[in-house]
Amino acid sequence: MIKPFFLFNKISITSLYLGGIMVLIFSCSPKKNQNRDHLVFRFNQHKNIGSLDPAFAKDLADIWATNQLFNGLVQMDDALNVTPAIANTWDISEDAMTYTFHLNTQVKFHKHALFGKEATRTVKARDFVYSFNRLLDKKLASPGSWVLHKVDNFKAINDSTFQIQLKQPFPAFLSLLSMKYCSVVPQEIVKHYGEAFRSHPIGTGPFKFKLWEENIKLVFRKNENYFERDTSGIPLPYLEAVAITFLPDKQSEFSQFIQGNLDFLNSLDVSYKDELLTADGRLRTKYKDAINMIRGPYLNTEYLAFYMESEHPEIQSKLLRKAVNYGFDRVKMMTYLRNGIGIPAHGGFIPKGLPGYDDTIGFDYNPEKAKAFIKQYKQETGILNPSITLSTTNNYLSLCEYIQRELQKTGLDIRINVIPASALKAAKANGKLDFFRASWIADYPDAENYLSLFYSKNFAPKGPNYTHFSEPLFDTLYEQAFTETEIKKREALYAQMDALIMKNTPIVPLFYDEVVRFSQKNISGLGLNPTNLLELKYVKKQ
């Protein structure tokens, strides 16, 4: 196929631009670093990064960037186990209320002139006291302050011992501490830069900040003083640098990846998914020798949601909500619209892979049941042409149109309202949409994170309960789960809550997403995890 001139022009300009980044990274380097551009890991972000301050690491792009620059007390491995980071070890009291962390005394901040003669210093327990107080500071208005809402107090016992006291037991607390919000930052640097710390970050991570031209490029360099080593005792990271571009056009990104100008591709856009993958989600033969592909579960549930306080009788009707759940084939939808990437949601809201998941509580495809529910609704209400408006963004239009066509066959009219992502986000938070597409990506790997969307005290906009679902028994079980320290009993409570959600049908689960990563053949060590965290310290580029 002949491509239009402007696409060739855009791609060639981008290629020159990517080459320019390599020159920029090494132009001021000593001779020993010359000709090491093959050790630069290059990838693209579709949207600009909002901040390099971990206190504002809310979006995935921000989290990926700050994860290279900062560390917290603990971290999560690819199997979702909590492992040491700056804290070597920790003790938990018998009542599960007191956490005492013993810090690695060899961890140093990235070099900066403000640190004085040594240009750096070791991390102390008081740095975590400052970082946590900063996270809670209302003037800072960090979106991550909620992470510490279950904390009663914290203190530095000495330079290497940091202690946290909880208000009540919370089994997933260590997972919360692995979030980038809880990273340690140096007080003297933050106070010097103020709000500009967002673009002058100093942390302890495997890479250090080099330069950032917003919406254009972002460059990190290897932290030569990083404290972690691999299992053979070799210092991490292996890479020399990380270069990030901000091409908004996914087709251009794909072209750059195929040409070898990018090392990593994390998206699977409709514009090229059929070019890259077969209908059942396998890499096409022509790319097998050039590209690596890995895939695995992603803690992301894609769903449709009803606003339970809507004045429209169709939304209030459990009959119609059940009809929507029964009225389309999720397996067929995943095969033809997602190239098999993702798991059809026949369970509840908790995604497959988390304790509490139950594939028996959801809805299978049953158009006859859907027709029967719609017929019953018409008879009981006298409304002969029931209609529901579904709001979505353009990225999910094909999925919504598929559901629309399938439900029309059952007698239910679905009208689609396509709006920008920012508008949809604001409208659903303020109860302006009766029926909308949404997704929930886990902040931390515990089913409680998903179930919090249905707790009545979390009504949006103050919390994540966008459906305004309210059920007294659910609330009782949710509160009970906080104090249950036995894993199996807590898992049973989660499953019971999820079953209650599906019984009341405030949502229509579509699929449980999967992480799909493509990389060049010379890339190794690019792991995969259910939170889709990008970990580059183990990556090697041959």
# chains A, B, ... in the order shown; residues from 1 in each chain; ligands from 1

$ select_by_dssp --residues "stretch 225-432 of chain A" --states "helix (DSSP H, G or I)" --output "VMD selection string"
chain A and resid 250 to 258 273 to 276 285 to 287 313 to 316 318 to 326 330 to 337 367 to 381 394 to 408 421 to 429

$ residues_around --residues "stretch 514-527 of chain A" --least-positions-apart "3" --cutoff "6 Å" --atoms "only C-alpha atoms" --output "PyMOL selection string"
chain A and resi 263-266+290-298+342+538-542

$ residues_around --residues "A:Gln75" --least-positions-apart "2" --cutoff "8 Å" --atoms "only C-alpha atoms" --output "short mmCIF file (atom, residue, chain, number, x, y, z; two decimals) with N, CA and C atoms, in the first residue's frame"
data_model
loop_
_atom_site.label_atom_id
_atom_site.label_comp_id
_atom_site.auth_asym_id
_atom_site.auth_seq_id
_atom_site.Cartn_x
_atom_site.Cartn_y
_atom_site.Cartn_z
N ASN A 71 12.57 5.10 44.88
CA ASN A 71 12.29 3.87 45.62
C ASN A 71 11.50 4.19 46.87
N GLY A 72 10.78 3.19 47.36
CA GLY A 72 10.09 3.30 48.64
C GLY A 72 10.67 2.28 49.61
N LEU A 73 9.94 2.04 50.68
CA LEU A 73 10.37 1.06 51.66
C LEU A 73 10.40 -0.35 51.07
N ASP A 77 7.35 -7.65 43.24
CA ASP A 77 7.97 -8.37 42.13
C ASP A 77 6.90 -8.75 41.11
N VAL A 82 5.49 -8.85 47.88
CA VAL A 82 6.15 -7.67 48.42
C VAL A 82 7.58 -8.06 48.81
N THR A 83 8.55 -7.32 48.29
CA THR A 83 9.97 -7.62 48.52
C THR A 83 10.68 -6.37 49.04
N PRO A 84 11.87 -6.51 49.60
CA PRO A 84 12.60 -5.35 50.12
C PRO A 84 12.97 -4.35 49.03
N ALA A 85 13.02 -3.09 49.42
CA ALA A 85 13.58 -2.03 48.58
C ALA A 85 14.56 -1.27 49.47
N SER A 175 1.29 -3.80 50.43
CA SER A 175 1.08 -3.57 48.99
C SER A 175 0.90 -2.08 48.72
N LEU A 177 2.20 0.35 50.37
CA LEU A 177 3.50 1.02 50.51
C LEU A 177 4.39 0.83 49.29
N SER A 178 4.06 -0.13 48.43
CA SER A 178 4.86 -0.34 47.22
C SER A 178 4.51 0.67 46.13
N MET A 179 3.44 1.46 46.31
CA MET A 179 3.05 2.44 45.31
C MET A 179 4.06 3.59 45.27
#

$ select_by_dssp --residues "stretch 230-366 of chain A" --states "strand (DSSP E)" --output "number ranges by chain"
A: 241-245, 264-265, 291-306, 343-344

$ write_last_selection --atoms "C-alpha atoms" --output "PDB file, in the first residue's frame"
ATOM      1  CA  ALA A 241      20.136   5.366  29.579  1.00  0.00           C
ATOM      2  CA  VAL A 242      16.379   5.564  28.909  1.00  0.00           C
ATOM      3  CA  ALA A 243      14.955   7.823  26.179  1.00  0.00           C
ATOM      4  CA  ILE A 244      11.219   8.526  26.033  1.00  0.00           C
ATOM      5  CA  THR A 245       9.400  10.261  23.178  1.00  0.00           C
ATOM      6  CA  PHE A 264       9.395  -1.475  23.153  1.00  0.00           C
ATOM      7  CA  LEU A 265       5.717  -1.268  22.198  1.00  0.00           C
ATOM      8  CA  ILE A 291       9.806  -9.248  17.496  1.00  0.00           C
ATOM      9  CA  ASN A 292       9.348 -10.699  20.970  1.00  0.00           C
ATOM     10  CA  MET A 293       5.804 -10.876  22.343  1.00  0.00           C
ATOM     11  CA  ILE A 294       4.817 -11.612  25.931  1.00  0.00           C
ATOM     12  CA  ARG A 295       1.346 -11.519  27.469  1.00  0.00           C
ATOM     13  CA  GLY A 296      -0.227 -12.208  30.838  1.00  0.00           C
ATOM     14  CA  PRO A 297      -3.061 -11.202  33.196  1.00  0.00           C
ATOM     15  CA  TYR A 298      -3.561  -7.512  33.874  1.00  0.00           C
ATOM     16  CA  LEU A 299      -5.372  -6.301  36.990  1.00  0.00           C
ATOM     17  CA  ASN A 300      -7.824  -4.283  34.916  1.00  0.00           C
ATOM     18  CA  THR A 301     -11.547  -4.929  34.646  1.00  0.00           C
ATOM     19  CA  GLU A 302     -13.293  -3.329  31.665  1.00  0.00           C
ATOM     20  CA  TYR A 303     -16.999  -2.819  32.227  1.00  0.00           C
ATOM     21  CA  LEU A 304     -20.168  -0.855  31.599  1.00  0.00           C
ATOM     22  CA  ALA A 305     -21.729   0.912  34.584  1.00  0.00           C
ATOM     23  CA  PHE A 306     -25.242   2.047  35.458  1.00  0.00           C
ATOM     24  CA  ILE A 343     -10.366 -12.820  29.183  1.00  0.00           C
ATOM     25  CA  PRO A 344     -14.159 -12.711  28.643  1.00  0.00           C
TER      26      PRO A 344
END

$ closest_atom_pairs --of "stretch 81-131 of chain A" --to "stretch 211-230 of chain A" --cutoff "8 Å" --atoms "only C-alpha atoms" --output "Markdown table"
| residue | atom | partner | partner_atom | distance |
| --- | --- | --- | --- | --- |
| A:Gln106 | CA | A:Phe227 | CA | 6.8 |
| A:Val107 | CA | A:Phe227 | CA | 5.7 |
| A:Lys108 | CA | A:Asn225 | CA | 7.2 |
| A:His110 | CA | A:Asn223 | CA | 7.2 |

$ atom_distance --atom1 "atom CA of A:Leu103" --atom2 "atom CA of A:Ser160"
4.9 Å

$ atom_distance --atom1 "atom CA of A:Leu52" --atom2 "atom CA of A:Glu448"
28.2 Å

$ atom_distance --atom1 "atom CA of A:Phe115" --atom2 "atom CA of A:Asn153"
28.6 Å

$ residues_around --residues "A:Thr335" --least-positions-apart "3" --cutoff "12 Å" --atoms "only C-alpha atoms" --output "tab-separated table (two decimals) with C-alpha atoms, in the first residue's frame"
chain	number	residue	atom	x	y	z
A	274	ASP	CA	-4.66	-7.07	12.61
A	277	LEU	CA	-1.67	-10.36	15.44
A	278	THR	CA	-3.82	-13.20	14.20
A	279	ALA	CA	-7.50	-13.37	15.22
A	280	ASP	CA	-6.62	-15.66	18.13
A	281	GLY	CA	-3.95	-13.33	19.51
A	282	ARG	CA	-0.75	-14.86	18.12
A	329	ASP	CA	-21.42	-12.85	23.43
A	330	ARG	CA	-18.25	-11.85	25.28
A	331	VAL	CA	-16.16	-14.63	23.71
A	332	LYS	CA	-17.11	-13.54	20.19
A	338	ARG	CA	-9.61	-7.68	20.50
A	339	ASN	CA	-7.77	-10.40	18.57
A	340	GLY	CA	-8.17	-12.67	21.57
A	341	ILE	CA	-6.34	-10.30	23.95
A	342	GLY	CA	-8.24	-10.34	27.22
A	343	ILE	CA	-10.37	-12.82	29.18
A	344	PRO	CA	-14.16	-12.71	28.64
A	399	LEU	CA	-16.93	-2.61	21.41
A	511	PHE	CA	-13.45	-8.53	30.02

$ closest_residue --among "A:Asp78, A:Asp37, A:Asp91, A:Glu491" --to "A:Asp358" --atoms "only C-alpha atoms"
A:Glu491

$ closest_residue --among "A:Thr467, A:Ile164, A:Ala323, A:Leu135" --to "A:Gln376" --atoms "only C-alpha atoms"
A:Ala323

$ closest_residue --among "A:Ile49, A:Leu453, A:Ala423, A:Ala447" --to "A:Ile507" --atoms "only C-alpha atoms"
A:Leu453

$ closest_residue --among "A:Glu311, A:Thr483, A:Ser317, A:Thr531" --to "A:Leu354" --atoms "only C-alpha atoms"
A:Thr531

$ closest_residue --among "A:Asn430, A:Thr285, A:Asn449, A:Gln379" --to "A:Ile350" --atoms "only C-alpha atoms"
A:Asn449

$ residues_around --residues "A:Glu253" --least-positions-apart "2" --cutoff "12 Å" --atoms "only C-alpha atoms" --output "NGL selection string"
:A and (7 or 10-11 or 14-15 or 18 or 42-46 or 244-251 or 255-269 or 271-272)

$ closest_residue --among "A:Thr204, A:Gln168, A:Asn532, A:Gln187" --to "A:Lys150" --atoms "only C-alpha atoms"
A:Gln168

$ residues_around --residues "A:Phe128" --least-positions-apart "6" --cutoff "9 Å" --atoms "only C-alpha atoms" --output "PyMOL selection string"
chain A and resi 72-73+155-156+162+182-186

$ write_last_selection --atoms "N, CA and C atoms" --output "PDB file, in the first residue's frame"
ATOM      1  N   GLY A  72      10.779   3.186  47.357  1.00  0.00           N
ATOM      2  CA  GLY A  72      10.093   3.295  48.642  1.00  0.00           C
ATOM      3  C   GLY A  72      10.670   2.279  49.614  1.00  0.00           C
ATOM      4  N   LEU A  73       9.940   2.037  50.680  1.00  0.00           N
ATOM      5  CA  LEU A  73      10.373   1.055  51.662  1.00  0.00           C
ATOM      6  C   LEU A  73      10.396  -0.350  51.070  1.00  0.00           C
ATOM      7  N   LYS A 155       7.092   7.388  62.720  1.00  0.00           N
ATOM      8  CA  LYS A 155       8.220   8.074  63.344  1.00  0.00           C
ATOM      9  C   LYS A 155       9.524   7.373  63.017  1.00  0.00           C
ATOM     10  N   ALA A 156      10.618   8.117  63.180  1.00  0.00           N
ATOM     11  CA  ALA A 156      11.970   7.570  63.034  1.00  0.00           C
ATOM     12  C   ALA A 156      12.456   7.150  64.413  1.00  0.00           C
ATOM     13  N   PHE A 162      12.394   2.889  60.891  1.00  0.00           N
ATOM     14  CA  PHE A 162      11.198   3.689  60.652  1.00  0.00           C
ATOM     15  C   PHE A 162       9.976   2.865  61.056  1.00  0.00           C
ATOM     16  N   CYS A 182       4.584   6.520  47.809  1.00  0.00           N
ATOM     17  CA  CYS A 182       5.295   6.338  49.074  1.00  0.00           C
ATOM     18  C   CYS A 182       6.816   6.368  48.915  1.00  0.00           C
ATOM     19  N   SER A 183       7.296   6.883  47.795  1.00  0.00           N
ATOM     20  CA  SER A 183       8.736   6.985  47.556  1.00  0.00           C
ATOM     21  C   SER A 183       9.376   8.001  48.501  1.00  0.00           C
ATOM     22  N   VAL A 184      10.653   7.803  48.767  1.00  0.00           N
ATOM     23  CA  VAL A 184      11.383   8.740  49.619  1.00  0.00           C
ATOM     24  C   VAL A 184      11.961   9.873  48.764  1.00  0.00           C
ATOM     25  N   VAL A 185      11.859  11.100  49.274  1.00  0.00           N
ATOM     26  CA  VAL A 185      12.414  12.276  48.596  1.00  0.00           C
ATOM     27  C   VAL A 185      13.253  13.063  49.605  1.00  0.00           C
ATOM     28  N   PRO A 186      14.295  13.768  49.143  1.00  0.00           N
ATOM     29  CA  PRO A 186      15.166  14.522  50.058  1.00  0.00           C
ATOM     30  C   PRO A 186      14.604  15.915  50.363  1.00  0.00           C
TER      31      PRO A 186
END

$ residues_around --residues "A:Leu319" --least-positions-apart "3" --cutoff "9 Å" --atoms "only C-alpha atoms" --output "MDAnalysis selection string"
chainID A and resid 314 316 322:324 370 373:374 376:377

$ write_last_selection --atoms "C-alpha atoms" --output "PDB file, in the first residue's frame"
ATOM      1  CA  GLU A 314     -34.772   1.762  32.206  1.00  0.00           C
ATOM      2  CA  GLN A 316     -33.616   1.581  37.562  1.00  0.00           C
ATOM      3  CA  LYS A 322     -29.828  -8.294  33.556  1.00  0.00           C
ATOM      4  CA  ALA A 323     -30.898  -8.283  29.897  1.00  0.00           C
ATOM      5  CA  VAL A 324     -27.815  -6.239  28.985  1.00  0.00           C
ATOM      6  CA  ALA A 370     -32.363 -11.314  27.581  1.00  0.00           C
ATOM      7  CA  PHE A 373     -36.441  -9.997  30.646  1.00  0.00           C
ATOM      8  CA  ILE A 374     -37.114  -7.237  28.121  1.00  0.00           C
ATOM      9  CA  GLN A 376     -41.369  -8.785  31.057  1.00  0.00           C
ATOM     10  CA  TYR A 377     -40.193  -5.176  31.480  1.00  0.00           C
TER      11      TYR A 377
END
